[in-house]
Amino acid sequence: MPVKAIARGVRMSPRKVGVVVALVRGRTVEDALTILSHTPRRSALPVLKAIESAKANADHNHNLK
């Protein structure tokens, strides 16, 4: 069951956000959060928030770990 979170209203170009998303695509949640916390790009913060939101959705809505 895929868990999903959508970040709306992010005023950045999709290319700039895509570079950061490519860094964490296919990794575990803990690895992705660690990588994003050390990434110096401005688009890392909205991606970090979206991943944390998806993690909270999985825990609260779907009873997953």
# chains A, B, ... in the order shown; residues from 1 in each chain; ligands from 1
call {"tool": "residues_around", "arguments": {"residues": "stretch 17-31 of chain A", "least_positions_apart": "6", "cutoff": "12 Å", "atoms": "only C-alpha atoms", "output": "list of chain:residue names"}}
result
A:Val3, A:Ala7, A:Val10, A:Arg11, A:Ser37, A:His38, A:Thr39, A:Pro40, A:Arg41, A:Arg42, A:Ser43, A:Ala44, A:Leu45, A:Pro46, A:Val47, A:Leu48, A:Lys49, A:Ala50, A:Ile51, A:Glu52, A:Ser53, A:Ala54, A:Lys55, A:Ala56, A:Ala58, A:Lys65
call {"tool": "select_by_dssp", "arguments": {"residues": "chain A", "states": "helix (DSSP H, G or I)", "output": "PyMOL selection string"}}
result
chain A and resi 14-24+29-37+44-60
call {"tool": "atom_distance", "arguments": {"atom1": "atom CA of A:Met1", "atom2": "atom CA of A:His62"}}
result
8.8 Å
call {"tool": "atom_distance", "arguments": {"atom1": "atom CA of A:Gly9", "atom2": "atom CA of A:Asn63"}}
result
27.9 Å
call {"tool": "atom_distance", "arguments": {"atom1": "atom CA of A:Leu36", "atom2": "atom CA of A:Lys16"}}
result
14.0 Å
